[in-house]
file entry_39.txt (compact mmCIF, C-alpha atoms and all ligand atoms)
# COMPACT_ATOMS: atom_id res chain seq x y z
CA MET U 8 -24.87 5.35 10.44
CA PRO U 9 -28.57 4.33 10.78
CA ALA U 10 -29.12 1.06 12.64
CA LYS U 11 -30.88 -0.43 9.60
CA MET U 12 -27.78 0.08 7.49
CA THR U 13 -25.55 -1.51 10.08
CA LEU U 14 -27.89 -4.50 10.19
CA ALA U 15 -27.96 -4.73 6.39
CA ILE U 16 -24.16 -4.74 6.33
CA GLN U 17 -24.01 -7.56 8.90
CA VAL U 18 -26.57 -9.66 7.02
CA LEU U 19 -24.85 -9.18 3.66
CA ARG U 20 -21.48 -10.01 5.20
CA LEU U 21 -22.99 -13.25 6.43
CA VAL U 22 -24.27 -14.05 2.92
CA VAL U 23 -20.85 -13.38 1.42
CA GLY U 24 -19.32 -15.44 4.21
CA MET U 25 -21.57 -18.37 3.34
CA LEU U 26 -20.73 -18.14 -0.35
CA LEU U 27 -17.04 -18.17 0.49
CA PHE U 28 -17.42 -20.67 3.31
CA PRO U 29 -14.48 -22.95 2.34
CA MET U 30 -12.09 -20.01 2.43
CA PHE U 31 -13.29 -18.82 5.85
CA LEU U 32 -13.11 -22.41 7.14
CA LEU U 33 -9.50 -22.84 5.98
CA ASN U 34 -8.74 -19.54 7.67
CA LEU U 35 -10.27 -20.74 10.95
CA LEU U 36 -8.11 -23.85 10.71
CA GLY U 37 -5.08 -21.64 10.23
CA LEU U 38 -4.46 -22.98 6.71
CA TRP U 39 -5.28 -19.90 4.67
CA ARG U 40 -3.02 -16.93 5.40
CA GLU U 41 0.26 -18.73 4.71
CA ARG U 42 -1.01 -20.04 1.37
CA CYS U 43 -2.15 -16.59 0.46
CA ARG U 44 1.29 -15.15 1.26
CA LYS U 45 2.81 -17.61 -1.21
CA TRP U 46 0.32 -16.92 -3.96
CA PHE U 47 0.08 -13.16 -3.54
CA PRO U 48 3.41 -12.07 -5.12
CA SER U 49 2.71 -13.68 -8.50
CA PHE U 50 -0.76 -12.16 -8.42
CA MET U 51 0.72 -8.72 -7.65
CA TRP U 52 3.28 -9.12 -10.44
CA ARG U 53 0.39 -9.29 -12.93
CA ALA U 54 -1.91 -6.83 -11.14
CA THR U 55 0.80 -4.19 -11.00
CA ARG U 56 1.10 -3.99 -14.78
CA ILE U 57 -2.62 -3.17 -14.97
CA TYR U 58 -2.60 -0.85 -11.96
CA ASN U 59 0.36 1.10 -13.33
CA LYS U 60 -1.48 1.69 -16.60
CA TYR U 61 -4.45 3.20 -14.78
CA THR U 62 -2.34 5.31 -12.44
CA LEU U 63 0.45 6.29 -14.83
CA ARG U 64 -0.30 10.02 -14.81
CA THR U 65 -0.75 10.18 -11.05
CA LYS U 66 2.48 8.29 -10.38
CA ARG U 67 4.42 10.43 -12.88
CA GLU U 68 3.13 13.61 -11.26
CA LEU U 69 3.78 12.35 -7.74
CA PHE U 70 7.29 11.04 -8.34
CA SER U 71 8.35 14.09 -10.37
CA ASN U 72 8.91 15.75 -6.97
CA LEU U 73 11.34 13.10 -5.68
CA GLN U 74 14.57 14.75 -6.79
CA GLU U 75 13.80 17.86 -4.72
CA PHE U 76 14.65 15.86 -1.64
CA SER U 77 18.03 14.49 -2.64
CA GLY U 78 20.83 15.06 -0.13
CA PRO U 79 23.97 17.20 -0.44
CA SER U 80 25.66 14.59 -2.71
CA GLY U 81 22.87 15.09 -5.24
CA LYS U 82 22.03 11.39 -5.08
CA LEU U 83 18.70 10.36 -3.69
CA SER U 84 18.65 7.74 -0.96
CA LEU U 85 15.25 6.08 -1.10
CA LEU U 86 13.56 3.47 1.07
CA GLU U 87 10.55 1.67 -0.37
CA VAL U 88 8.43 0.08 2.34
CA GLY U 89 5.96 -2.67 1.39
CA CYS U 90 7.86 -2.75 -1.89
CA GLY U 91 6.11 -5.86 -3.23
CA THR U 92 7.36 -6.55 -6.76
CA GLY U 93 9.06 -3.16 -7.21
CA ALA U 94 6.20 -1.53 -9.09
CA ASN U 95 7.58 1.99 -8.73
CA PHE U 96 11.20 1.49 -9.77
CA LYS U 97 10.75 2.89 -13.25
CA PHE U 98 9.61 6.23 -11.80
CA TYR U 99 12.78 6.79 -9.76
CA PRO U 100 15.51 9.15 -10.97
CA PRO U 101 18.76 7.71 -12.39
CA GLY U 102 21.41 6.89 -9.79
CA CYS U 103 18.84 6.71 -7.02
CA ARG U 104 20.00 4.39 -4.18
CA VAL U 105 17.15 2.05 -3.32
CA THR U 106 16.59 -0.07 -0.22
CA CYS U 107 13.46 -2.23 -0.01
CA VAL U 108 11.48 -3.51 2.96
CA ASP U 109 8.66 -6.04 2.87
CA PRO U 110 7.48 -8.60 5.45
CA ASN U 111 6.72 -11.19 2.75
CA PRO U 112 9.95 -12.93 1.62
CA ASN U 113 8.11 -14.54 -1.32
CA PHE U 114 8.33 -11.21 -3.16
CA GLU U 115 12.09 -11.51 -3.55
CA LYS U 116 12.06 -13.33 -6.88
CA PHE U 117 9.83 -10.70 -8.48
CA LEU U 118 11.61 -7.83 -6.81
CA PHE U 119 14.91 -8.96 -8.32
CA LYS U 120 13.28 -9.22 -11.74
CA SER U 121 12.33 -5.55 -11.40
CA VAL U 122 15.84 -4.69 -10.25
CA ALA U 123 17.20 -6.35 -13.41
CA GLU U 124 14.76 -4.36 -15.55
CA ASN U 125 15.75 -1.05 -13.97
CA ARG U 126 19.47 -0.64 -14.46
CA HIS U 127 19.22 3.12 -13.93
CA LEU U 128 18.92 2.49 -10.17
CA GLN U 129 21.53 1.55 -7.62
CA PHE U 130 19.85 -1.24 -5.69
CA GLU U 131 21.22 -1.73 -2.18
CA ARG U 132 19.34 -4.43 -0.26
CA PHE U 133 16.07 -6.17 0.47
CA VAL U 134 15.15 -6.29 4.16
CA VAL U 135 12.45 -8.72 5.22
CA ALA U 136 10.56 -6.85 7.94
CA ALA U 137 7.25 -5.20 8.72
CA GLY U 138 7.16 -1.43 8.44
CA GLU U 139 6.11 -1.17 12.08
CA ASP U 140 9.57 -2.40 13.09
CA MET U 141 12.39 -1.37 10.76
CA SER U 142 15.16 -1.60 13.34
CA GLN U 143 17.52 -2.71 10.55
CA VAL U 144 17.25 0.78 9.03
CA ASP U 145 19.04 3.57 10.89
CA GLU U 146 17.33 6.64 12.26
CA GLY U 147 17.47 9.67 9.94
CA SER U 148 19.21 7.65 7.23
CA VAL U 149 17.08 8.20 4.13
CA ASP U 150 15.99 11.20 2.04
CA VAL U 151 12.73 9.69 0.92
CA VAL U 152 10.36 6.87 1.88
CA VAL U 153 7.93 5.59 -0.76
CA CYS U 154 4.82 3.48 -0.12
CA THR U 155 2.09 2.64 -2.59
CA LEU U 156 -0.88 0.49 -1.59
CA VAL U 157 0.59 -0.31 1.79
CA LEU U 158 -1.40 1.55 4.47
CA CYS U 159 -4.36 -0.67 3.51
CA SER U 160 -2.41 -3.74 4.65
CA VAL U 161 -0.37 -2.73 7.71
CA GLN U 162 -1.39 -3.81 11.19
CA SER U 163 -0.99 -0.40 12.79
CA GLN U 164 -0.90 2.75 10.68
CA GLU U 165 0.17 4.75 13.72
CA LYS U 166 3.23 2.60 14.48
CA PHE U 167 4.01 2.30 10.80
CA LEU U 168 4.07 6.08 10.26
CA ARG U 169 6.12 6.60 13.42
CA GLU U 170 8.76 4.28 11.96
CA VAL U 171 8.63 6.06 8.61
CA ARG U 172 9.31 9.35 10.39
CA ARG U 173 12.14 7.83 12.39
CA VAL U 174 14.11 6.60 9.36
CA LEU U 175 13.67 9.87 7.41
CA ARG U 176 16.30 12.57 7.76
CA PRO U 177 14.97 15.94 8.95
CA GLY U 178 13.51 17.61 5.85
CA GLY U 179 13.09 14.24 4.12
CA ALA U 180 9.73 13.21 2.67
CA TYR U 181 7.29 10.32 2.70
CA PHE U 182 5.59 9.76 -0.67
CA PHE U 183 2.32 7.85 -0.76
CA LEU U 184 -0.43 6.64 -3.09
CA GLU U 185 -3.19 4.65 -1.40
CA HIS U 186 -6.70 3.42 -2.07
CA VAL U 187 -9.01 4.43 0.76
CA ALA U 188 -12.58 4.28 2.07
CA ASP U 189 -15.13 6.26 0.07
CA GLU U 190 -17.17 9.05 1.66
CA ARG U 191 -19.37 7.64 4.39
CA SER U 192 -22.64 8.76 2.78
CA THR U 193 -22.04 6.79 -0.45
CA TRP U 194 -23.29 3.37 -1.54
CA ASN U 195 -19.74 2.55 -2.47
CA PHE U 196 -18.75 2.87 1.21
CA PHE U 197 -21.66 0.60 2.08
CA TRP U 198 -20.35 -2.12 -0.29
CA GLN U 199 -16.81 -1.56 0.86
CA GLN U 200 -17.96 -2.46 4.37
CA VAL U 201 -19.95 -5.48 3.21
CA LEU U 202 -17.05 -6.90 1.25
CA ASP U 203 -14.18 -5.88 3.55
CA PRO U 204 -13.81 -9.16 5.51
CA ALA U 205 -13.86 -11.33 2.37
CA TRP U 206 -11.58 -8.96 0.49
CA ASN U 207 -9.19 -8.98 3.41
CA LEU U 208 -8.84 -12.75 3.24
CA LEU U 209 -8.61 -12.92 -0.55
CA PHE U 210 -6.03 -10.18 -0.92
CA ALA U 211 -3.56 -10.96 1.85
CA GLY U 212 -4.83 -8.56 4.51
CA CYS U 213 -5.81 -5.64 2.28
CA ASN U 214 -8.48 -3.46 3.92
CA ILE U 215 -10.87 -1.37 1.78
CA THR U 216 -12.54 0.62 4.57
CA ARG U 217 -9.63 2.62 5.95
CA GLU U 218 -9.74 6.42 6.14
CA SER U 219 -5.96 6.52 5.93
CA TRP U 220 -5.77 10.29 5.44
CA LYS U 221 -6.72 10.66 9.12
CA SER U 222 -3.63 8.74 10.24
CA LEU U 223 -1.49 10.85 7.95
CA GLU U 224 -2.93 14.06 9.36
CA GLN U 225 -2.15 12.89 12.87
CA ALA U 226 1.32 11.51 12.20
CA GLY U 227 3.15 14.70 13.18
CA PHE U 228 4.79 15.62 9.85
CA SER U 229 5.73 19.29 9.46
CA LYS U 230 4.03 19.61 6.09
CA LEU U 231 1.42 17.45 4.38
CA ARG U 232 0.46 17.65 0.70
CA LEU U 233 -2.52 15.35 0.27
CA GLN U 234 -5.02 15.05 -2.55
CA HIS U 235 -8.18 12.96 -2.79
CA ILE U 236 -9.03 11.56 -6.22
CA GLN U 237 -11.52 9.17 -7.71
CA GLY U 238 -9.16 6.98 -9.70
CA THR U 239 -9.94 5.49 -13.09
CA LEU U 240 -9.68 1.87 -11.96
CA PRO U 241 -12.49 -0.35 -13.21
CA CYS U 242 -13.21 -1.72 -9.72
CA PRO U 243 -15.41 0.84 -7.87
CA LEU U 244 -14.26 -0.39 -4.47
CA LEU U 245 -10.74 0.74 -5.31
CA LYS U 246 -11.57 4.06 -6.96
CA PRO U 247 -11.14 6.47 -4.06
CA HIS U 248 -7.44 7.24 -3.65
CA ILE U 249 -5.21 9.64 -1.80
CA TYR U 250 -1.74 10.66 -2.90
CA GLY U 251 0.91 13.18 -2.06
CA TYR U 252 3.84 13.59 0.29
CA ALA U 253 4.61 14.53 3.87
CA VAL U 254 7.78 16.27 5.02
CA LYS U 255 9.52 15.37 8.29
C1 LIG T 1 -1.03 -4.40 -2.36
S1 LIG T 1 0.66 -4.79 -2.08
C2 LIG T 1 1.46 -3.38 -2.83
C3 LIG T 1 2.86 -3.68 -3.29
C4 LIG T 1 3.62 -2.53 -3.95
N1 LIG T 1 3.89 -1.45 -3.03
C5 LIG T 1 2.87 -2.01 -5.15
O1 LIG T 1 2.50 -0.83 -5.17
O2 LIG T 1 2.64 -2.78 -6.10
C6 LIG T 1 0.84 -4.53 -0.33
C7 LIG T 1 2.25 -4.74 0.14
O3 LIG T 1 2.40 -4.36 1.50
C8 LIG T 1 3.17 -5.35 2.16
N2 LIG T 1 2.87 -5.29 3.60
C9 LIG T 1 1.89 -5.92 4.28
N3 LIG T 1 1.96 -5.63 5.59
C10 LIG T 1 3.02 -4.80 5.75
C11 LIG T 1 3.62 -4.17 6.87
N4 LIG T 1 3.14 -4.32 8.10
N5 LIG T 1 4.70 -3.41 6.66
C12 LIG T 1 5.21 -3.24 5.42
N6 LIG T 1 4.68 -3.80 4.31
C13 LIG T 1 3.59 -4.57 4.48
C14 LIG T 1 2.75 -6.63 1.48
O4 LIG T 1 3.68 -7.68 1.71
C15 LIG T 1 2.70 -6.19 0.04
O5 LIG T 1 3.96 -6.23 -0.57
C1 LIG T 2 -10.21 -2.72 8.36
O1 LIG T 2 -9.79 -1.56 9.07
C2 LIG T 2 -10.82 -1.00 9.88
C3 LIG T 2 -10.30 0.33 10.41
O2 LIG T 2 -8.96 0.23 10.82
C4 LIG T 2 -11.18 -2.02 10.97
O3 LIG T 2 -12.20 -1.50 11.77
C5 LIG T 2 -11.64 -3.32 10.30
O4 LIG T 2 -11.88 -4.30 11.28
C6 LIG T 2 -10.58 -3.83 9.32
N1 LIG T 2 -11.13 -4.95 8.58
C7 LIG T 2 -10.59 -6.18 8.63
C8 LIG T 2 -11.29 -7.21 7.81
O5 LIG T 2 -9.62 -6.46 9.31
call {"tool": "encode", "arguments": {"input": "entry_39.txt", "output": "C-alpha cells", "more": "lines below"}}
Ligand SMILES: C[S@@+](CC[C@H](N)C(=O)[O-])C[C@H]1O[C@@H](n2cnc3c(N)ncnc32)[C@H](O)[C@@H]1O
Ligand SMILES: *[C@@H]1O[C@H](CO)[C@@H](O)[C@H](O)[C@H]1NC(C)=O
result
Amino acid sequence: MPAKMTLAIQVLRLVVGMLLFPMFLLNLLGLWRERCRKWFPSFMWRATRIYNKYTLRTKRELFSNLQEFSGPSGKLSLLEVGCGTGANFKFYPPGCRVTCVDPNPNFEKFLFKSVAENRHLQFERFVVAAGEDMSQVDEGSVDVVVCTLVLCSVQSQEKFLREVRRVLRPGGAYFFLEHVADERSTWNFFWQQVLDPAWNLLFAGCNITRESWKSLEQAGFSKLRLQHIQGTLPCPLLKPHIYGYAVK
C-alpha cells in the first residue's frame, strides 16, 4: 500500500479515536471490555434477526449440506462454536444433537430461549470456553462444527482451526459463514482499516480487516469448498463474506 494511504489511515483513525475518546479512555482504564461483554448478547439477539433475513438464502444453501455428514446412526452430532444466541438452530435437521461453546457466559439466557424455540433439536450442553481451547470436547467426537461470524472475533485463527480439526471425526466437516476484509485495492478496504480499532471496541472484539480465507486455506483440511460473495447487508463494511465447508 502507498505510504500516503497508510498515513491517511493513521490520521483518520486518530480523528475517529478523538470522536470516541470516552470509550477509548474507559478501555485504557480497563472498564470497557467487561461492560461490552454484558451488553453484547442482547444486542446480538436483535441483530441476529436482521442478519438472518439478509443471509437467509445463503444459510439455507450452506446448511442444506449438513445431513451428508451424519454418522452411522443417521443422527448428526453437531458442535456450534461461538454460538452466541443460537442464530443457526432453525437451519439444523430434526433430531440433530447440538453442543454449544462460547467464551461469553452472558449468552446463556438467550441461547436457552433459542433452544426452547427449536424443539426439533436435541440440545446437549453449553460449554463456556474459547474455541482455541475446547479441552472439554473430546477428540474426533463430532460430525460437524458450525461457526458463523466467529473468525472475526477469535484471538488466534490458527489455534482456533486446529481445535476445530481436533474435535471433528475423520471425514467430518467444518461449516462457516464469515464477514471478511474487502479486496485490498478497494475504498471499502480503506475504510475497514480506518474504522477497525473503533469497531473492535464497540462490537466486543469483532475485526473487520481479516482475510480469514487465508487461515482456512492453511488449516490442513483435506477438502475446502469456499465461496466469496458480496452480501446484501446494508452496511458496506460487512458486505464481503466467505462461506462454505471444509472436510477433515
Ligand atoms: C458476532 S458474534 C456471532 C454469534 C453467532 N455465531 C451468530 O452467528 O449470531 C461472535 C461470537 O463469537 C464468540 N467468540 C468470541 N471469541 C471467541 C473465541 N475465542 N472462541 C469462540 N467464540 C468466540 C462471541 O462470544 C460471540 O458469541
Ligand atoms: C484485526 O486483525 C488484523 C489481522 O489479524 C490485525 O492486524 C489487527 O491488529 C486487528 N485489529 C484489532 C483492532 O485488533
call {"tool": "atom_distance", "arguments": {"input": "entry_39.txt", "atom1": "atom CA of Pro100 of chain U", "atom2": "atom CA of Lys82 of chain U"}}
result
9.1 Å
call {"tool": "residues_near_ligand", "arguments": {"input": "entry_39.txt", "ligand": "ligand LIG 2 (chain T)", "cutoff": "7 Å", "atoms": "only C-alpha atoms and all ligand atoms", "output": "list in words"}}
result
Asp203, Pro204, Asn207, Asn214, Ile215, Thr216 and Arg217 of chain U
call {"tool": "closest_atom_pairs", "arguments": {"input": "entry_39.txt", "of": "chain U", "to": "ligand LIG 1 (chain T)", "cutoff": "8 Å", "atoms": "only C-alpha atoms and all ligand atoms", "output": "JSON lines"}}
result
{"residue": "U:Arg44", "atom": "CA", "partner": "T:LIG1", "partner_atom": "O4", "distance": 7.9}
{"residue": "U:Pro48", "atom": "CA", "partner": "T:LIG1", "partner_atom": "O5", "distance": 7.4}
{"residue": "U:Met51", "atom": "CA", "partner": "T:LIG1", "partner_atom": "O2", "distance": 6.4}
{"residue": "U:Trp52", "atom": "CA", "partner": "T:LIG1", "partner_atom": "O2", "distance": 7.7}
{"residue": "U:Ala54", "atom": "CA", "partner": "T:LIG1", "partner_atom": "O2", "distance": 7.9}
{"residue": "U:Thr55", "atom": "CA", "partner": "T:LIG1", "partner_atom": "O2", "distance": 5.4}
{"residue": "U:Glu87", "atom": "CA", "partner": "T:LIG1", "partner_atom": "N1", "distance": 7.8}
{"residue": "U:Val88", "atom": "CA", "partner": "T:LIG1", "partner_atom": "C12", "distance": 5.6}
{"residue": "U:Gly89", "atom": "CA", "partner": "T:LIG1", "partner_atom": "N6", "distance": 3.4}
{"residue": "U:Cys90", "atom": "CA", "partner": "T:LIG1", "partner_atom": "N1", "distance": 4.3}
{"residue": "U:Gly91", "atom": "CA", "partner": "T:LIG1", "partner_atom": "O5", "distance": 3.4}
{"residue": "U:Thr92", "atom": "CA", "partner": "T:LIG1", "partner_atom": "O2", "distance": 6.1}
{"residue": "U:Gly93", "atom": "CA", "partner": "T:LIG1", "partner_atom": "C4", "distance": 6.4}
{"residue": "U:Ala94", "atom": "CA", "partner": "T:LIG1", "partner_atom": "O2", "distance": 4.8}
{"residue": "U:Asn95", "atom": "CA", "partner": "T:LIG1", "partner_atom": "O1", "distance": 6.8}
{"residue": "U:Val108", "atom": "CA", "partner": "T:LIG1", "partner_atom": "C12", "distance": 6.7}
{"residue": "U:Asp109", "atom": "CA", "partner": "T:LIG1", "partner_atom": "N6", "distance": 4.8}
{"residue": "U:Pro110", "atom": "CA", "partner": "T:LIG1", "partner_atom": "O4", "distance": 5.4}
{"residue": "U:Asn111", "atom": "CA", "partner": "T:LIG1", "partner_atom": "O4", "distance": 4.8}
{"residue": "U:Phe114", "atom": "CA", "partner": "T:LIG1", "partner_atom": "O5", "distance": 7.1}
{"residue": "U:Ala136", "atom": "CA", "partner": "T:LIG1", "partner_atom": "N5", "distance": 6.9}
{"residue": "U:Ala137", "atom": "CA", "partner": "T:LIG1", "partner_atom": "N5", "distance": 3.7}
{"residue": "U:Gly138", "atom": "CA", "partner": "T:LIG1", "partner_atom": "N5", "distance": 3.6}
{"residue": "U:Glu139", "atom": "CA", "partner": "T:LIG1", "partner_atom": "N4", "distance": 5.9}
{"residue": "U:Cys154", "atom": "CA", "partner": "T:LIG1", "partner_atom": "N1", "distance": 5.8}
{"residue": "U:Thr155", "atom": "CA", "partner": "T:LIG1", "partner_atom": "O1", "distance": 4.3}
{"residue": "U:Leu156", "atom": "CA", "partner": "T:LIG1", "partner_atom": "C2", "distance": 4.7}
{"residue": "U:Val157", "atom": "CA", "partner": "T:LIG1", "partner_atom": "O3", "distance": 4.4}
{"residue": "U:Leu158", "atom": "CA", "partner": "T:LIG1", "partner_atom": "O3", "distance": 7.6}
{"residue": "U:Cys159", "atom": "CA", "partner": "T:LIG1", "partner_atom": "C6", "distance": 7.5}
{"residue": "U:Ser160", "atom": "CA", "partner": "T:LIG1", "partner_atom": "C9", "distance": 4.8}
{"residue": "U:Val161", "atom": "CA", "partner": "T:LIG1", "partner_atom": "N4", "distance": 3.9}
{"residue": "U:Gln162", "atom": "CA", "partner": "T:LIG1", "partner_atom": "N4", "distance": 5.5}
{"residue": "U:Ser163", "atom": "CA", "partner": "T:LIG1", "partner_atom": "N4", "distance": 7.4}
{"residue": "U:Phe167", "atom": "CA", "partner": "T:LIG1", "partner_atom": "N5", "distance": 7.1}
{"residue": "U:Phe210", "atom": "CA", "partner": "T:LIG1", "partner_atom": "C1", "distance": 7.8}
{"residue": "U:Ala211", "atom": "CA", "partner": "T:LIG1", "partner_atom": "C14", "distance": 7.7}
{"residue": "U:Gly212", "atom": "CA", "partner": "T:LIG1", "partner_atom": "C9", "distance": 7.2}
{"residue": "U:Cys213", "atom": "CA", "partner": "T:LIG1", "partner_atom": "C1", "distance": 6.8}
call {"tool": "atom_distance", "arguments": {"input": "entry_39.txt", "atom1": "atom CA of Val144 of chain U", "atom2": "atom CA of Val174 of chain U"}}
result
6.6 Å
call {"tool": "residues_around", "arguments": {"input": "entry_39.txt", "residues": "segment 30-35 of chain U", "least_positions_apart": "5", "cutoff": "9 Å", "atoms": "all atoms listed in the file", "output": "PyMOL selection string"}}
result
chain U and resi 24-25+40+205+208-209
call {"tool": "closest_residue", "arguments": {"input": "entry_39.txt", "among": "U:Val201, U:Leu69, U:Ser142, U:Leu83", "to": "Leu233 of chain U", "atoms": "all atoms listed in the file"}}
result
U:Leu69
call {"tool": "axis_aligned_box", "arguments": {"input": "entry_39.txt", "around": "segment 232-244 of chain U", "padding_each_side": "3 Å", "output": "JSON"}}
result
{"center_x": -7.5, "center_y": 8.0, "center_z": -6.3, "size_x": 21.9, "size_y": 25.4, "size_z": 19.9}
call {"tool": "closest_residue", "arguments": {"input": "entry_39.txt", "among": "U:Thr106, U:Ser219, U:Thr13, U:Gln129", "to": "Gln143 of chain U", "atoms": "all atoms listed in the file"}}
result
U:Thr106
call {"tool": "closest_residue", "arguments": {"input": "entry_39.txt", "among": "U:Leu202, U:Pro101, U:Thr193, U:Leu231", "to": "Val18 of chain U", "atoms": "only C-alpha atoms"}}
result
U:Leu202
call {"tool": "atom_distance", "arguments": {"input": "entry_39.txt", "atom1": "atom CA of Lys246 of chain U", "atom2": "atom CA of Ser222 of chain U"}}
result
19.5 Å
call {"tool": "decode", "arguments": {"input": "entry_39.txt", "residues": "segment 135-152 of chain U", "atoms": "N, CA and C atoms", "output": "PDB file, in the first residue's frame"}}
result
ATOM      1  N   VAL U 135     -18.836 -23.176  28.476  1.00  0.00           N
ATOM      2  CA  VAL U 135     -18.246 -21.837  28.426  1.00  0.00           C
ATOM      3  C   VAL U 135     -16.740 -21.977  28.248  1.00  0.00           C
ATOM      4  N   ALA U 136     -16.274 -21.707  27.031  1.00  0.00           N
ATOM      5  CA  ALA U 136     -14.849 -21.831  26.710  1.00  0.00           C
ATOM      6  C   ALA U 136     -14.560 -21.107  25.409  1.00  0.00           C
ATOM      7  N   ALA U 137     -13.295 -20.738  25.225  1.00  0.00           N
ATOM      8  CA  ALA U 137     -12.877 -20.167  23.948  1.00  0.00           C
ATOM      9  C   ALA U 137     -12.611 -21.317  22.982  1.00  0.00           C
ATOM     10  N   GLY U 138     -12.834 -21.068  21.711  1.00  0.00           N
ATOM     11  CA  GLY U 138     -12.616 -22.094  20.702  1.00  0.00           C
ATOM     12  C   GLY U 138     -11.170 -22.563  20.632  1.00  0.00           C
ATOM     13  N   GLU U 139     -10.257 -21.698  21.038  1.00  0.00           N
ATOM     14  CA  GLU U 139      -8.829 -22.063  20.984  1.00  0.00           C
ATOM     15  C   GLU U 139      -8.490 -23.160  21.982  1.00  0.00           C
ATOM     16  N   ASP U 140      -9.340 -23.343  23.004  1.00  0.00           N
ATOM     17  CA  ASP U 140      -9.101 -24.412  23.971  1.00  0.00           C
ATOM     18  C   ASP U 140     -10.421 -25.083  24.347  1.00  0.00           C
ATOM     19  N   MET U 141     -10.753 -26.131  23.601  1.00  0.00           N
ATOM     20  CA  MET U 141     -12.015 -26.832  23.851  1.00  0.00           C
ATOM     21  C   MET U 141     -11.738 -28.188  24.484  1.00  0.00           C
ATOM     22  N   SER U 142     -10.871 -28.186  25.495  1.00  0.00           N
ATOM     23  CA  SER U 142     -10.462 -29.462  26.103  1.00  0.00           C
ATOM     24  C   SER U 142     -11.654 -30.237  26.670  1.00  0.00           C
ATOM     25  N   GLN U 143     -12.784 -29.553  26.897  1.00  0.00           N
ATOM     26  CA  GLN U 143     -13.968 -30.256  27.409  1.00  0.00           C
ATOM     27  C   GLN U 143     -14.708 -31.033  26.313  1.00  0.00           C
ATOM     28  N   VAL U 144     -14.246 -30.896  25.080  1.00  0.00           N
ATOM     29  CA  VAL U 144     -14.850 -31.656  23.973  1.00  0.00           C
ATOM     30  C   VAL U 144     -13.815 -32.667  23.470  1.00  0.00           C
ATOM     31  N   ASP U 145     -14.223 -33.938  23.399  1.00  0.00           N
ATOM     32  CA  ASP U 145     -13.270 -34.991  23.045  1.00  0.00           C
ATOM     33  C   ASP U 145     -12.814 -34.929  21.589  1.00  0.00           C
ATOM     34  N   GLU U 146     -11.621 -35.432  21.390  1.00  0.00           N
ATOM     35  CA  GLU U 146     -11.049 -35.525  20.046  1.00  0.00           C
ATOM     36  C   GLU U 146     -11.915 -36.430  19.168  1.00  0.00           C
ATOM     37  N   GLY U 147     -12.144 -36.015  17.920  1.00  0.00           N
ATOM     38  CA  GLY U 147     -12.869 -36.856  16.970  1.00  0.00           C
ATOM     39  C   GLY U 147     -14.297 -37.178  17.369  1.00  0.00           C
ATOM     40  N   SER U 148     -14.929 -36.295  18.165  1.00  0.00           N
ATOM     41  CA  SER U 148     -16.227 -36.661  18.738  1.00  0.00           C
ATOM     42  C   SER U 148     -17.437 -36.090  18.009  1.00  0.00           C
ATOM     43  N   VAL U 149     -17.245 -35.213  17.050  1.00  0.00           N
ATOM     44  CA  VAL U 149     -18.423 -34.635  16.384  1.00  0.00           C
ATOM     45  C   VAL U 149     -18.362 -34.788  14.863  1.00  0.00           C
ATOM     46  N   ASP U 150     -19.574 -34.866  14.253  1.00  0.00           N
ATOM     47  CA  ASP U 150     -19.661 -34.988  12.790  1.00  0.00           C
ATOM     48  C   ASP U 150     -19.414 -33.648  12.117  1.00  0.00           C
ATOM     49  N   VAL U 151     -19.933 -32.599  12.781  1.00  0.00           N
ATOM     50  CA  VAL U 151     -19.920 -31.293  12.140  1.00  0.00           C
ATOM     51  C   VAL U 151     -19.640 -30.200  13.173  1.00  0.00           C
ATOM     52  N   VAL U 152     -18.835 -29.222  12.784  1.00  0.00           N
ATOM     53  CA  VAL U 152     -18.666 -27.997  13.578  1.00  0.00           C
ATOM     54  C   VAL U 152     -19.243 -26.850  12.765  1.00  0.00           C
TER      55      VAL U 152
END
